[in-house]
Amino acid sequence: MAIRNPIEWIFTAPSGPVGQIGTATPGEYWQERARDGDPQVQRVGWGDIRIALGRELEDFKANRTDVVMLAIIYPIAVLLGVAAMARHAVIPMVFPVVSGFTLIGPLATIWLAELSRRREAVGSASLADAAGVFRSPQIGAILALGACEILLYFAWIATAAAIFRATIGPAMPATIGGFVSAVFETPAGWTLIVAGVGTGFVFALIGLVVGCVSMPLLLDRHVSVGTAVAISVRAFRTNPGTILAWGFVVVTSVVLGAIPLLFGLVVVVPILGHATWHLYRRIVAN
């Protein structure tokens with residue numbers, strides 16, 4: 001009998017995650033609590049954000065060891081990317097790459113939202129249940145929306161590179177000190193800061209409006225990507241202040257998590273992933 005290694009099991013075994021992609025029927029996947037009809041958007045406030053954060057702490061504590069072990073992938077991946085960029089003298093792109101993580105956050109943390117969904121539905125959930133997202137009949141829509149988030153991320157990276165070339169110039173600084181000096185001690189550097197922050201805000205706002213509830217909605221209901229995005233836009237129009245406050249919480253948490261060599265993301269990412277589900281449940285009615 002041939003013994004498969006983990007990689008072979010993932011990609012070739014019928015019982016592996018890839019072999020199970022999209023195999024669940026709507027009745028099987030949402031058997032605990034199926035929801036039909038047009039999702040209704042509710043008004044929410046800062047208190048709902050606090051409730052969502054409180055409930056995510058319960059989810060985090062329920063699986064913290066396993067979740068932290070998997071979440072450590074995020075800072076390691078970013079650090080490897082930063083190291084690779086530093087070797088190729090593209091230091092100016094380090095900040096756009098790290099800050100742009102929030103644009104793909106809903107896709108990167110979809111497994112955490114799935115854990116929260118399962119725990120809410122049946123009272124408990126293990127890390128193995130997170131792989132259930134692969135079986136979802138909505139996996140195609142989830143991946144399609146995720147592809148849009150990735151395209152937005154790369155559009156931000158390309159735009160940030162263009163802003164750098166238009167301000168400081170095409171020549172990349174040879175050292176980190178040289179880059180810091182060029183940014184904070186020259187008029188071109190301050191132009192870079194203003195243009196970069198302003199443009200970054202526009203990209204972040206687009207990501208927030210389109211993605212504030214769309215990804216968890218695809219987990220929760222059998223709707224199209226277009227419907228999920230439309231509901232997300234409606235949620236923002238109904239609760240602009242609250243969702244902007246949530247965006248501020250996300251950005252601030254990622255920045256603080258990135259300060260200790262990015263390893264604060266080991267805790268920040270699970271917190272935000274679980275909280276996204278619970279905030280969605282406050283915004284979208286049954």
# chains A, B, ... in the order shown; residues from 1 in each chain; ligands from 1

call {"tool": "residues_around", "arguments": {"residues": "Leu244 in chain A", "least_positions_apart": "3", "cutoff": "10 Å", "atoms": "only C-alpha atoms", "output": "mmCIF file with C-alpha atoms, in the first residue's frame"}}
result
data_model
loop_
_atom_site.group_PDB
_atom_site.id
_atom_site.type_symbol
_atom_site.label_atom_id
_atom_site.label_comp_id
_atom_site.auth_asym_id
_atom_site.auth_seq_id
_atom_site.Cartn_x
_atom_site.Cartn_y
_atom_site.Cartn_z
ATOM 1 C CA LEU A 205 -12.102 52.664 1.302
ATOM 2 C CA LEU A 208 -13.883 48.316 2.971
ATOM 3 C CA VAL A 209 -17.061 49.215 1.077
ATOM 4 C CA CYS A 212 -17.186 44.722 4.777
ATOM 5 C CA PHE A 236 -21.846 50.837 4.180
ATOM 6 C CA ASN A 239 -23.816 52.502 8.544
ATOM 7 C CA PRO A 240 -21.010 54.685 7.122
ATOM 8 C CA GLY A 241 -19.733 55.901 10.484
ATOM 9 C CA GLY A 247 -11.943 50.005 9.209
ATOM 10 C CA PHE A 248 -9.972 52.190 11.618
ATOM 11 C CA VAL A 249 -9.907 49.335 14.137
ATOM 12 C CA VAL A 250 -8.612 46.950 11.455
#

call {"tool": "residues_around", "arguments": {"residues": "range 43-60 of chain A", "least_positions_apart": "4", "cutoff": "12 Å", "atoms": "only C-alpha atoms", "output": "JSON, numbers by chain"}}
result
{"A": [64, 65, 66, 67, 68, 71, 112, 113, 114, 115, 116, 117, 118, 119, 120, 123, 124, 125, 126, 127, 234, 235, 236, 237, 238, 239, 240, 241, 242, 243, 244, 245, 246, 247, 248, 249, 250, 266, 267, 268, 269, 270, 271, 272, 273, 274, 275, 276, 277, 278, 279, 280, 281, 282, 283, 284, 285]}

call {"tool": "closest_residue", "arguments": {"among": "A:Ala171, A:Ser99, A:Glu185, A:Val225", "to": "Ala147 in chain A", "atoms": "only C-alpha atoms"}}
result
A:Val225

call {"tool": "closest_residue", "arguments": {"among": "A:Ile193, A:Val223, A:Val213, A:Leu256", "to": "Pro96 in chain A", "atoms": "only C-alpha atoms"}}
result
A:Ile193

call {"tool": "closest_residue", "arguments": {"among": "A:Val255, A:Leu143, A:Leu262, A:Leu103", "to": "Val202 in chain A", "atoms": "only C-alpha atoms"}}
result
A:Leu103

call {"tool": "atom_distance", "arguments": {"atom1": "CA of Gly132 in chain A", "atom2": "CA of Glu149 in chain A"}}
result
21.6 Å

call {"tool": "atom_distance", "arguments": {"atom1": "CA of Ala161 in chain A", "atom2": "CA of Ile91 in chain A"}}
result
10.9 Å

call {"tool": "closest_residue", "arguments": {"among": "A:Ile142, A:Ala131, A:Ala166, A:Met93", "to": "Phe154 in chain A", "atoms": "only C-alpha atoms"}}
result
A:Met93

call {"tool": "closest_residue", "arguments": {"among": "A:Thr167, A:Thr102, A:Gln42, A:Gln138", "to": "Ala228 in chain A", "atoms": "only C-alpha atoms"}}
result
A:Gln138

call {"tool": "residues_around", "arguments": {"residues": "Ala182 in chain A", "least_positions_apart": "5", "cutoff": "12 Å", "atoms": "only C-alpha atoms", "output": "ChimeraX atom specification"}}
result
/A:92,164,167-169,171-177,187-193

call {"tool": "closest_residue", "arguments": {"among": "A:Phe263, A:Leu151, A:Pro137, A:Pro39", "to": "Ser214 in chain A", "atoms": "only C-alpha atoms"}}
result
A:Pro39
